[in-house]
Amino acid sequence: MEVLKVNSITKKYLTKTVLNNLNLALTEGKIYGLLGPNASGKTTLLKLIAGLTQPTGGSFSVSGKQAGVATKNLVSYLPTINHLPRWMTVGNCLSYYQDFYRDFSPKQAEERMVAMGLQPKQKISSLSTGMLGRLKIVLAMSRQSKLYLLDEPFNGLDPISREKVLEMILDAANEDNAVVIATHIIKEIESIMDEVIFLHEGQVALMGNVENLRQTRNMSVEELYKEVYGDA
Amino acid sequence: MSFDTRIPIYLQIMERIKKDIVSGKLKGGDKMPSVRAFAKELQVNVNTVQRVYQELEREKILYSQRGIGSFVTSNEAIVEQIKEEMARELLGNFVRGMRELGFSKERTLTALQAYMEGEQDGSVKG
Amino acid sequence: MLKLIKYEWLRRWKLFLAGIVTFLAANMSLMSNLMQGAENPRTLTAVLIGLCFALSVVLFIDHVGRLYRTLFGDEGYLELAVPLRGYQLLGGKLLAVIVECIAVIGIIILTIYLDALFIAKAEALPFGFSLSFSEVLTAGQLVLMLLSAYIGFLTTIYLSMTLAKTVFASFRHGRLIAFGCFLAISWLLEKTHLALSPFTESATDLPDILYSGTDWVITVAMLLVLFLSTSYLLDRKINL
């Protein structure tokens, strides 16, 4: 079944068009790599589906539900920036997610926090970039969502944290949901994604099953990326 | 396990399982880990492992029992067949390489013989 | 909605505590001045009273900041991604503000009452409150007027900021646009109010300052319009 259906979405600002009549259909049980250079529209697309910005034209639905509170209930969004208020403690963040998301599993989150070396009493303002990245991903992945939108989940993470994050993503992915990972560190997700989506100038330039692409082109996704976008 | 990202990952995992069977690391009747557990161990997607199991079942190297899991075949003929296939591939690579070096059939055979005898004597390390 | 209030207060209970402590200290200092019959309040008293004013300004800025941070800061990525309707988000924030205002007024009234009681006892004055029902009603109306004016003012600011991040989101200088919107909306509200209920110049007596029935209807209607339009924009049109 389709988890996400994007119908000719356009997002224009005064002078530039970020998404240009984009169409996309994502199905359950898959991990998608959303790739593209800066300003190709990755972040805007994810923000839009998370409900933080509105399309100039077009529409989308998540599991058949039209954009709104219903889709926010189904979508777990991990932004690149730090969205956690600096005054909060790690424990506050956990209870915040528990208070506002019905699908949040505090037990799972607590276990993961311990595994990640996060303590409930720590303040957000005192966390290092790496620890903050860990906390953000723990919160996002401890929801049992239909659709996970992860914007640069590996940013600022050391190799060990990255591995843990990968494990968590693999853990959460199952046959009922879909995971979208927008990243420029392709190597990191090369072995875990099912499908790759290349965005170019606000449109899907290429989309396909990565194993099939490897078979037919004898290329890694990273090499394919270079081919699609040139060496720029 | 690290992968060559230019080659489909499921093929690489299949190759590894075949090697483990041939080398005796995996024995006939052994139970394979669940798809999810294996995927986690290898740090790959569940669907990739799913595909590996499917392909191996098609090749009769694994067989699945509903609700219990996947098992390694006890059929010696199939194990022998994998061995043959892998040997043929290795030989193919070897012969191709020798040809590229300009070795004739005779010279290749003599070189191979000399190498293997030397290896027995312990004078060639390899 | 109520859960939102929990986090609003969890965040600033220290500010509230500081405010209450400062206010009580200022009051005590003032009272001791009075009891000693000092002609001019001491410096300490003046400083404490000044601090009280400063803290109320801080509280006001904080009230404005509650939606500002959501719209113009990174926290919006948390608050606006949460499955809440626009009216719940705005309602939660406004409800917290209203409760805080009522608490402030309550504390002030209570303190004055206790002070009066204390003075009466110390000076052995025959103290007895003889407020009539209508006087209480007038005071209540005044408080309600002040409160509704404050909420109206705050919601106007909220609507202006929201406009800058919704309808005018693709323009730069969002803060400037928000200020422009504020001036325009304030002007519009005032004109509407005057057109609907002409202000009578003879308002010299206290009761005349009080809102008439029409004034109340207009005020409530305006508050509703402000609230609903801001909620709608937050719900449907947000562009972070």
# chains A, B, ... in the order shown; residues from 1 in each chain; ligands from 1

$ select_by_dssp --residues "segment 65-117 of chain C" --states "helix (DSSP H, G or I)" --output "ChimeraX atom specification"
/C:65-72,76-79,86-117

$ residues_around --residues "Asn23 of chain A" --least-positions-apart "6" --cutoff "9 Å" --atoms "only C-alpha atoms" --output "list of chain:residue names"
A:Lys5, A:Val6, A:Asn7, A:Ser8, A:Ile9, A:Gln203, A:Val204

$ write_last_selection --atoms "all heavy atoms" --output "short mmCIF file (atom, residue, chain, number, x, y, z; two decimals), in the first residue's frame"
data_model
loop_
_atom_site.label_atom_id
_atom_site.label_comp_id
_atom_site.auth_asym_id
_atom_site.auth_seq_id
_atom_site.Cartn_x
_atom_site.Cartn_y
_atom_site.Cartn_z
N LYS A 5 1.75 9.71 -1.01
CA LYS A 5 1.45 10.02 -2.40
C LYS A 5 1.56 11.54 -2.55
O LYS A 5 0.86 12.29 -1.88
CB LYS A 5 0.03 9.54 -2.74
CG LYS A 5 -0.39 9.80 -4.15
CD LYS A 5 -0.41 8.50 -4.95
CE LYS A 5 -0.75 8.73 -6.43
NZ LYS A 5 0.38 9.23 -7.21
N VAL A 6 2.45 11.95 -3.41
CA VAL A 6 2.64 13.38 -3.66
C VAL A 6 2.13 13.67 -5.06
O VAL A 6 2.59 13.07 -6.03
CB VAL A 6 4.13 13.77 -3.54
CG1 VAL A 6 4.33 15.22 -3.94
CG2 VAL A 6 4.63 13.53 -2.12
N ASN A 7 1.14 14.57 -5.15
CA ASN A 7 0.53 14.89 -6.44
C ASN A 7 0.95 16.26 -6.93
O ASN A 7 0.52 17.27 -6.38
CB ASN A 7 -1.00 14.85 -6.33
CG ASN A 7 -1.49 13.52 -5.82
OD1 ASN A 7 -1.10 12.48 -6.32
ND2 ASN A 7 -2.32 13.56 -4.79
N SER A 8 1.77 16.28 -7.92
CA SER A 8 2.27 17.50 -8.59
C SER A 8 2.40 18.70 -7.65
O SER A 8 1.74 19.71 -7.81
CB SER A 8 1.44 17.87 -9.80
OG SER A 8 0.11 17.48 -9.66
N ILE A 9 3.28 18.53 -6.67
CA ILE A 9 3.49 19.61 -5.71
C ILE A 9 4.49 20.62 -6.24
O ILE A 9 5.54 20.27 -6.78
CB ILE A 9 3.95 19.03 -4.35
CG1 ILE A 9 2.71 18.69 -3.52
CG2 ILE A 9 4.83 20.02 -3.60
CD1 ILE A 9 2.98 18.37 -2.09
N GLN A 203 12.53 18.39 -8.94
CA GLN A 203 11.81 17.27 -9.55
C GLN A 203 12.56 15.98 -9.30
O GLN A 203 13.74 15.99 -8.97
CB GLN A 203 11.68 17.50 -11.06
CG GLN A 203 10.65 18.55 -11.41
CD GLN A 203 10.54 18.76 -12.90
OE1 GLN A 203 11.54 18.79 -13.60
NE2 GLN A 203 9.32 18.89 -13.38
N VAL A 204 11.86 14.87 -9.48
CA VAL A 204 12.52 13.57 -9.32
C VAL A 204 13.28 13.29 -10.62
O VAL A 204 12.69 13.09 -11.67
CB VAL A 204 11.50 12.45 -9.04
CG1 VAL A 204 12.19 11.10 -8.97
CG2 VAL A 204 10.77 12.74 -7.74
#

$ interface_residues --of "chain B" --to "chain A" --cutoff "6 Å" --atoms "only C-alpha atoms" --output "compact mmCIF listing (two decimals) with N, CA, C and O atoms, in the first residue's frame"
# COMPACT_ATOMS: atom_id res chain seq x y z
N THR B 5 30.06 -1.73 -2.91
CA THR B 5 28.77 -1.11 -3.20
C THR B 5 28.46 -1.04 -4.70
O THR B 5 27.42 -0.54 -5.09
N ARG B 6 29.40 -1.54 -5.53
CA ARG B 6 29.11 -1.53 -6.96
C ARG B 6 28.36 -2.80 -7.38
O ARG B 6 27.84 -2.88 -8.46
N ILE B 7 28.40 -3.80 -6.48
CA ILE B 7 27.77 -5.08 -6.78
C ILE B 7 26.54 -5.23 -5.89
O ILE B 7 26.60 -4.88 -4.71
N PRO B 8 25.45 -5.71 -6.46
CA PRO B 8 24.25 -5.88 -5.62
C PRO B 8 24.59 -6.59 -4.31
O PRO B 8 25.29 -7.61 -4.31
N VAL B 44 22.21 -4.44 7.09
CA VAL B 44 21.58 -4.17 5.81
C VAL B 44 20.07 -4.20 5.99
O VAL B 44 19.56 -4.57 7.05
N ASN B 45 19.41 -3.81 4.94
CA ASN B 45 17.97 -3.76 4.89
C ASN B 45 17.36 -5.16 5.00
O ASN B 45 17.91 -6.12 4.49

$ interface_residues --of "chain C" --to "chain A" --cutoff "7 Å" --atoms "only C-alpha atoms" --output "list in words"
Lys3, Arg11, Asp74, Glu75, Tyr77, Leu78, Leu80, Ala81, Val82, Pro83, Leu84, Arg85, Ser170, Phe171, Lys237, Ile238, Asn239 and Leu240 of chain C

$ select_by_dssp --residues "segment 54-112 of chain B" --states "strand (DSSP E)" --output "ChimeraX atom specification"
/B:62-65,69-72

$ closest_residue --among "B:Met86, B:Ala77, B:Val46, B:Val72" --to "Glu15 of chain B" --atoms "only C-alpha atoms"
B:Met86

$ residues_around --residues "Val3 of chain A" --least-positions-apart "3" --cutoff "8 Å" --atoms "only C-alpha atoms" --output "list of chain:residue names"
A:Ala25, A:Leu26, A:Thr27, A:Glu28, A:Val62, A:Ser63, A:Gly64, A:Lys146, A:Leu147, A:Asn177, A:Ala178

$ write_last_selection --atoms "all heavy atoms" --output "PDB file, in the first residue's frame"
ATOM      1  N   ALA A  25       5.490   8.511  -5.201  1.00  0.00           N
ATOM      2  CA  ALA A  25       4.665   7.522  -4.496  1.00  0.00           C
ATOM      3  C   ALA A  25       5.592   6.577  -3.761  1.00  0.00           C
ATOM      4  O   ALA A  25       6.464   5.960  -4.365  1.00  0.00           O
ATOM      5  CB  ALA A  25       3.797   6.765  -5.496  1.00  0.00           C
ATOM      6  N   LEU A  26       5.431   6.517  -2.436  1.00  0.00           N
ATOM      7  CA  LEU A  26       6.272   5.633  -1.630  1.00  0.00           C
ATOM      8  C   LEU A  26       5.412   4.508  -1.059  1.00  0.00           C
ATOM      9  O   LEU A  26       4.284   4.745  -0.627  1.00  0.00           O
ATOM     10  CB  LEU A  26       6.932   6.403  -0.481  1.00  0.00           C
ATOM     11  CG  LEU A  26       7.726   7.660  -0.851  1.00  0.00           C
ATOM     12  CD1 LEU A  26       8.422   8.212   0.387  1.00  0.00           C
ATOM     13  CD2 LEU A  26       8.734   7.382  -1.946  1.00  0.00           C
ATOM     14  N   THR A  27       5.969   3.303  -1.051  1.00  0.00           N
ATOM     15  CA  THR A  27       5.186   2.166  -0.559  1.00  0.00           C
ATOM     16  C   THR A  27       5.722   1.652   0.767  1.00  0.00           C
ATOM     17  O   THR A  27       6.843   1.942   1.163  1.00  0.00           O
ATOM     18  CB  THR A  27       5.203   1.019  -1.587  1.00  0.00           C
ATOM     19  OG1 THR A  27       6.552   0.778  -1.957  1.00  0.00           O
ATOM     20  CG2 THR A  27       4.396   1.365  -2.806  1.00  0.00           C
ATOM     21  N   GLU A  28       4.893   0.889   1.424  1.00  0.00           N
ATOM     22  CA  GLU A  28       5.229   0.330   2.736  1.00  0.00           C
ATOM     23  C   GLU A  28       6.404  -0.630   2.648  1.00  0.00           C
ATOM     24  O   GLU A  28       6.627  -1.271   1.625  1.00  0.00           O
ATOM     25  CB  GLU A  28       4.027  -0.447   3.273  1.00  0.00           C
ATOM     26  CG  GLU A  28       2.938   0.424   3.814  1.00  0.00           C
ATOM     27  CD  GLU A  28       1.734  -0.405   4.230  1.00  0.00           C
ATOM     28  OE1 GLU A  28       1.613  -1.556   3.784  1.00  0.00           O
ATOM     29  OE2 GLU A  28       0.919   0.124   4.999  1.00  0.00           O
ATOM     30  N   VAL A  62      -0.920  10.950   3.234  1.00  0.00           N
ATOM     31  CA  VAL A  62      -0.154   9.927   3.936  1.00  0.00           C
ATOM     32  C   VAL A  62      -1.122   8.814   4.326  1.00  0.00           C
ATOM     33  O   VAL A  62      -2.096   9.085   5.044  1.00  0.00           O
ATOM     34  CB  VAL A  62       0.538  10.508   5.192  1.00  0.00           C
ATOM     35  CG1 VAL A  62       1.316   9.419   5.914  1.00  0.00           C
ATOM     36  CG2 VAL A  62       1.462  11.650   4.818  1.00  0.00           C
ATOM     37  N   SER A  63      -0.874   7.623   3.835  1.00  0.00           N
ATOM     38  CA  SER A  63      -1.778   6.493   4.061  1.00  0.00           C
ATOM     39  C   SER A  63      -3.227   6.872   3.749  1.00  0.00           C
ATOM     40  O   SER A  63      -4.138   6.525   4.491  1.00  0.00           O
ATOM     41  CB  SER A  63      -1.686   5.998   5.497  1.00  0.00           C
ATOM     42  OG  SER A  63      -0.508   5.275   5.674  1.00  0.00           O
ATOM     43  N   GLY A  64      -3.402   7.622   2.690  1.00  0.00           N
ATOM     44  CA  GLY A  64      -4.740   8.004   2.260  1.00  0.00           C
ATOM     45  C   GLY A  64      -5.330   9.200   2.973  1.00  0.00           C
ATOM     46  O   GLY A  64      -6.394   9.682   2.618  1.00  0.00           O
ATOM     47  N   LYS A 146       3.959   5.720  10.513  1.00  0.00           N
ATOM     48  CA  LYS A 146       3.784   5.159   9.173  1.00  0.00           C
ATOM     49  C   LYS A 146       4.925   5.608   8.277  1.00  0.00           C
ATOM     50  O   LYS A 146       5.348   4.908   7.375  1.00  0.00           O
ATOM     51  CB  LYS A 146       2.456   5.666   8.585  1.00  0.00           C
ATOM     52  CG  LYS A 146       1.305   4.739   8.820  1.00  0.00           C
ATOM     53  CD  LYS A 146       1.364   3.584   7.845  1.00  0.00           C
ATOM     54  CE  LYS A 146       0.368   2.507   8.228  1.00  0.00           C
ATOM     55  NZ  LYS A 146       0.708   1.225   7.612  1.00  0.00           N
ATOM     56  N   LEU A 147       5.358   6.834   8.542  1.00  0.00           N
ATOM     57  CA  LEU A 147       6.349   7.430   7.657  1.00  0.00           C
ATOM     58  C   LEU A 147       7.379   8.195   8.491  1.00  0.00           C
ATOM     59  O   LEU A 147       7.021   9.065   9.273  1.00  0.00           O
ATOM     60  CB  LEU A 147       5.637   8.380   6.683  1.00  0.00           C
ATOM     61  CG  LEU A 147       6.484   9.129   5.667  1.00  0.00           C
ATOM     62  CD1 LEU A 147       7.186   8.185   4.716  1.00  0.00           C
ATOM     63  CD2 LEU A 147       5.600  10.099   4.871  1.00  0.00           C
ATOM     64  N   ASN A 177       5.710   0.305   7.418  1.00  0.00           N
ATOM     65  CA  ASN A 177       6.056   1.723   7.331  1.00  0.00           C
ATOM     66  C   ASN A 177       7.101   1.992   6.255  1.00  0.00           C
ATOM     67  O   ASN A 177       7.622   1.065   5.644  1.00  0.00           O
ATOM     68  CB  ASN A 177       6.536   2.240   8.694  1.00  0.00           C
ATOM     69  CG  ASN A 177       7.755   1.495   9.199  1.00  0.00           C
ATOM     70  OD1 ASN A 177       8.597   1.053   8.419  1.00  0.00           O
ATOM     71  ND2 ASN A 177       7.862   1.341  10.512  1.00  0.00           N
ATOM     72  N   ALA A 178       7.370   3.254   6.057  1.00  0.00           N
ATOM     73  CA  ALA A 178       8.409   3.640   5.099  1.00  0.00           C
ATOM     74  C   ALA A 178       9.325   4.657   5.768  1.00  0.00           C
ATOM     75  O   ALA A 178       8.886   5.443   6.604  1.00  0.00           O
ATOM     76  CB  ALA A 178       7.778   4.234   3.848  1.00  0.00           C
TER      77      ALA A 178
END

$ residues_around --residues "segment 17-28 of chain B" --least-positions-apart "2" --cutoff "12 Å" --atoms "only C-alpha atoms" --output "JSON, numbers by chain"
{"B": [10, 11, 12, 13, 14, 15, 30, 31, 32, 33, 38, 49, 52, 53, 55, 56, 59, 60, 61, 62, 63, 70, 71, 72, 73, 74, 75, 76, 77, 78, 79, 80, 81, 82, 83, 84, 85, 86, 87]}

$ atom_distance --atom1 "atom CA of Leu94 of chain A" --atom2 "atom CA of Pro106 of chain A"
6.9 Å

$ residues_around --residues "Met28 of chain C" --least-positions-apart "2" --cutoff "12 Å" --atoms "only C-alpha atoms" --output "list of chain:residue names"
C:Val21, C:Thr22, C:Phe23, C:Leu24, C:Ala25, C:Ala26, C:Leu30, C:Met31, C:Ser32, C:Asn33, C:Leu34, C:Met35, C:Pro41, C:Leu44, C:Thr45, C:Leu48, C:Ile49, C:Thr111, C:Ile112, C:Leu114, C:Asp115, C:Phe118

$ residues_around --residues "Lys121 of chain A" --least-positions-apart "2" --cutoff "9 Å" --atoms "only C-alpha atoms" --output "ChimeraX atom specification"
/A:89-92,118-119,123

$ write_last_selection --atoms "all heavy atoms" --output "compact mmCIF listing (two decimals), in the first residue's frame"
# COMPACT_ATOMS: atom_id res chain seq x y z
N THR A 89 15.23 19.54 29.63
CA THR A 89 16.18 18.47 29.91
C THR A 89 15.84 17.30 28.97
O THR A 89 14.79 17.31 28.33
CB THR A 89 16.05 17.97 31.36
OG1 THR A 89 14.73 17.44 31.53
CG2 THR A 89 16.29 19.08 32.36
N VAL A 90 16.73 16.34 28.92
CA VAL A 90 16.48 15.15 28.11
C VAL A 90 15.15 14.51 28.53
O VAL A 90 14.34 14.12 27.69
CB VAL A 90 17.66 14.16 28.26
CG1 VAL A 90 17.33 12.83 27.63
CG2 VAL A 90 18.92 14.75 27.65
N GLY A 91 14.92 14.46 29.84
CA GLY A 91 13.68 13.89 30.35
C GLY A 91 12.45 14.69 29.93
O GLY A 91 11.42 14.11 29.60
N ASN A 92 12.56 16.02 29.91
CA ASN A 92 11.46 16.88 29.45
C ASN A 92 11.09 16.54 28.01
O ASN A 92 9.91 16.46 27.67
CB ASN A 92 11.86 18.36 29.49
CG ASN A 92 11.91 18.91 30.90
OD1 ASN A 92 12.66 19.84 31.18
ND2 ASN A 92 11.13 18.34 31.81
N LEU A 118 22.66 8.81 27.12
CA LEU A 118 21.96 10.05 27.46
C LEU A 118 21.30 9.93 28.82
O LEU A 118 20.65 8.92 29.11
CB LEU A 118 20.89 10.34 26.42
CG LEU A 118 21.37 10.78 25.04
CD1 LEU A 118 20.33 10.48 23.99
CD2 LEU A 118 21.70 12.27 25.03
N GLN A 119 21.47 10.96 29.65
CA GLN A 119 20.84 10.94 30.96
C GLN A 119 19.67 11.91 31.03
O GLN A 119 19.77 13.01 30.50
CB GLN A 119 21.86 11.30 32.03
CG GLN A 119 22.57 10.10 32.62
CD GLN A 119 24.05 10.14 32.33
OE1 GLN A 119 24.65 11.21 32.38
NE2 GLN A 119 24.62 9.01 32.01
N LYS A 123 20.74 18.83 30.42
CA LYS A 123 20.03 19.92 29.75
C LYS A 123 20.39 19.94 28.27
O LYS A 123 21.53 19.66 27.91
CB LYS A 123 20.42 21.26 30.38
CG LYS A 123 19.51 21.64 31.52
CD LYS A 123 19.50 23.15 31.69
CE LYS A 123 18.22 23.58 32.36
NZ LYS A 123 18.03 25.00 32.37

$ residues_around --residues "Gly213 of chain C" --least-positions-apart "4" --cutoff "12 Å" --atoms "only C-alpha atoms" --output "ChimeraX atom specification"
/C:141,197,217-220
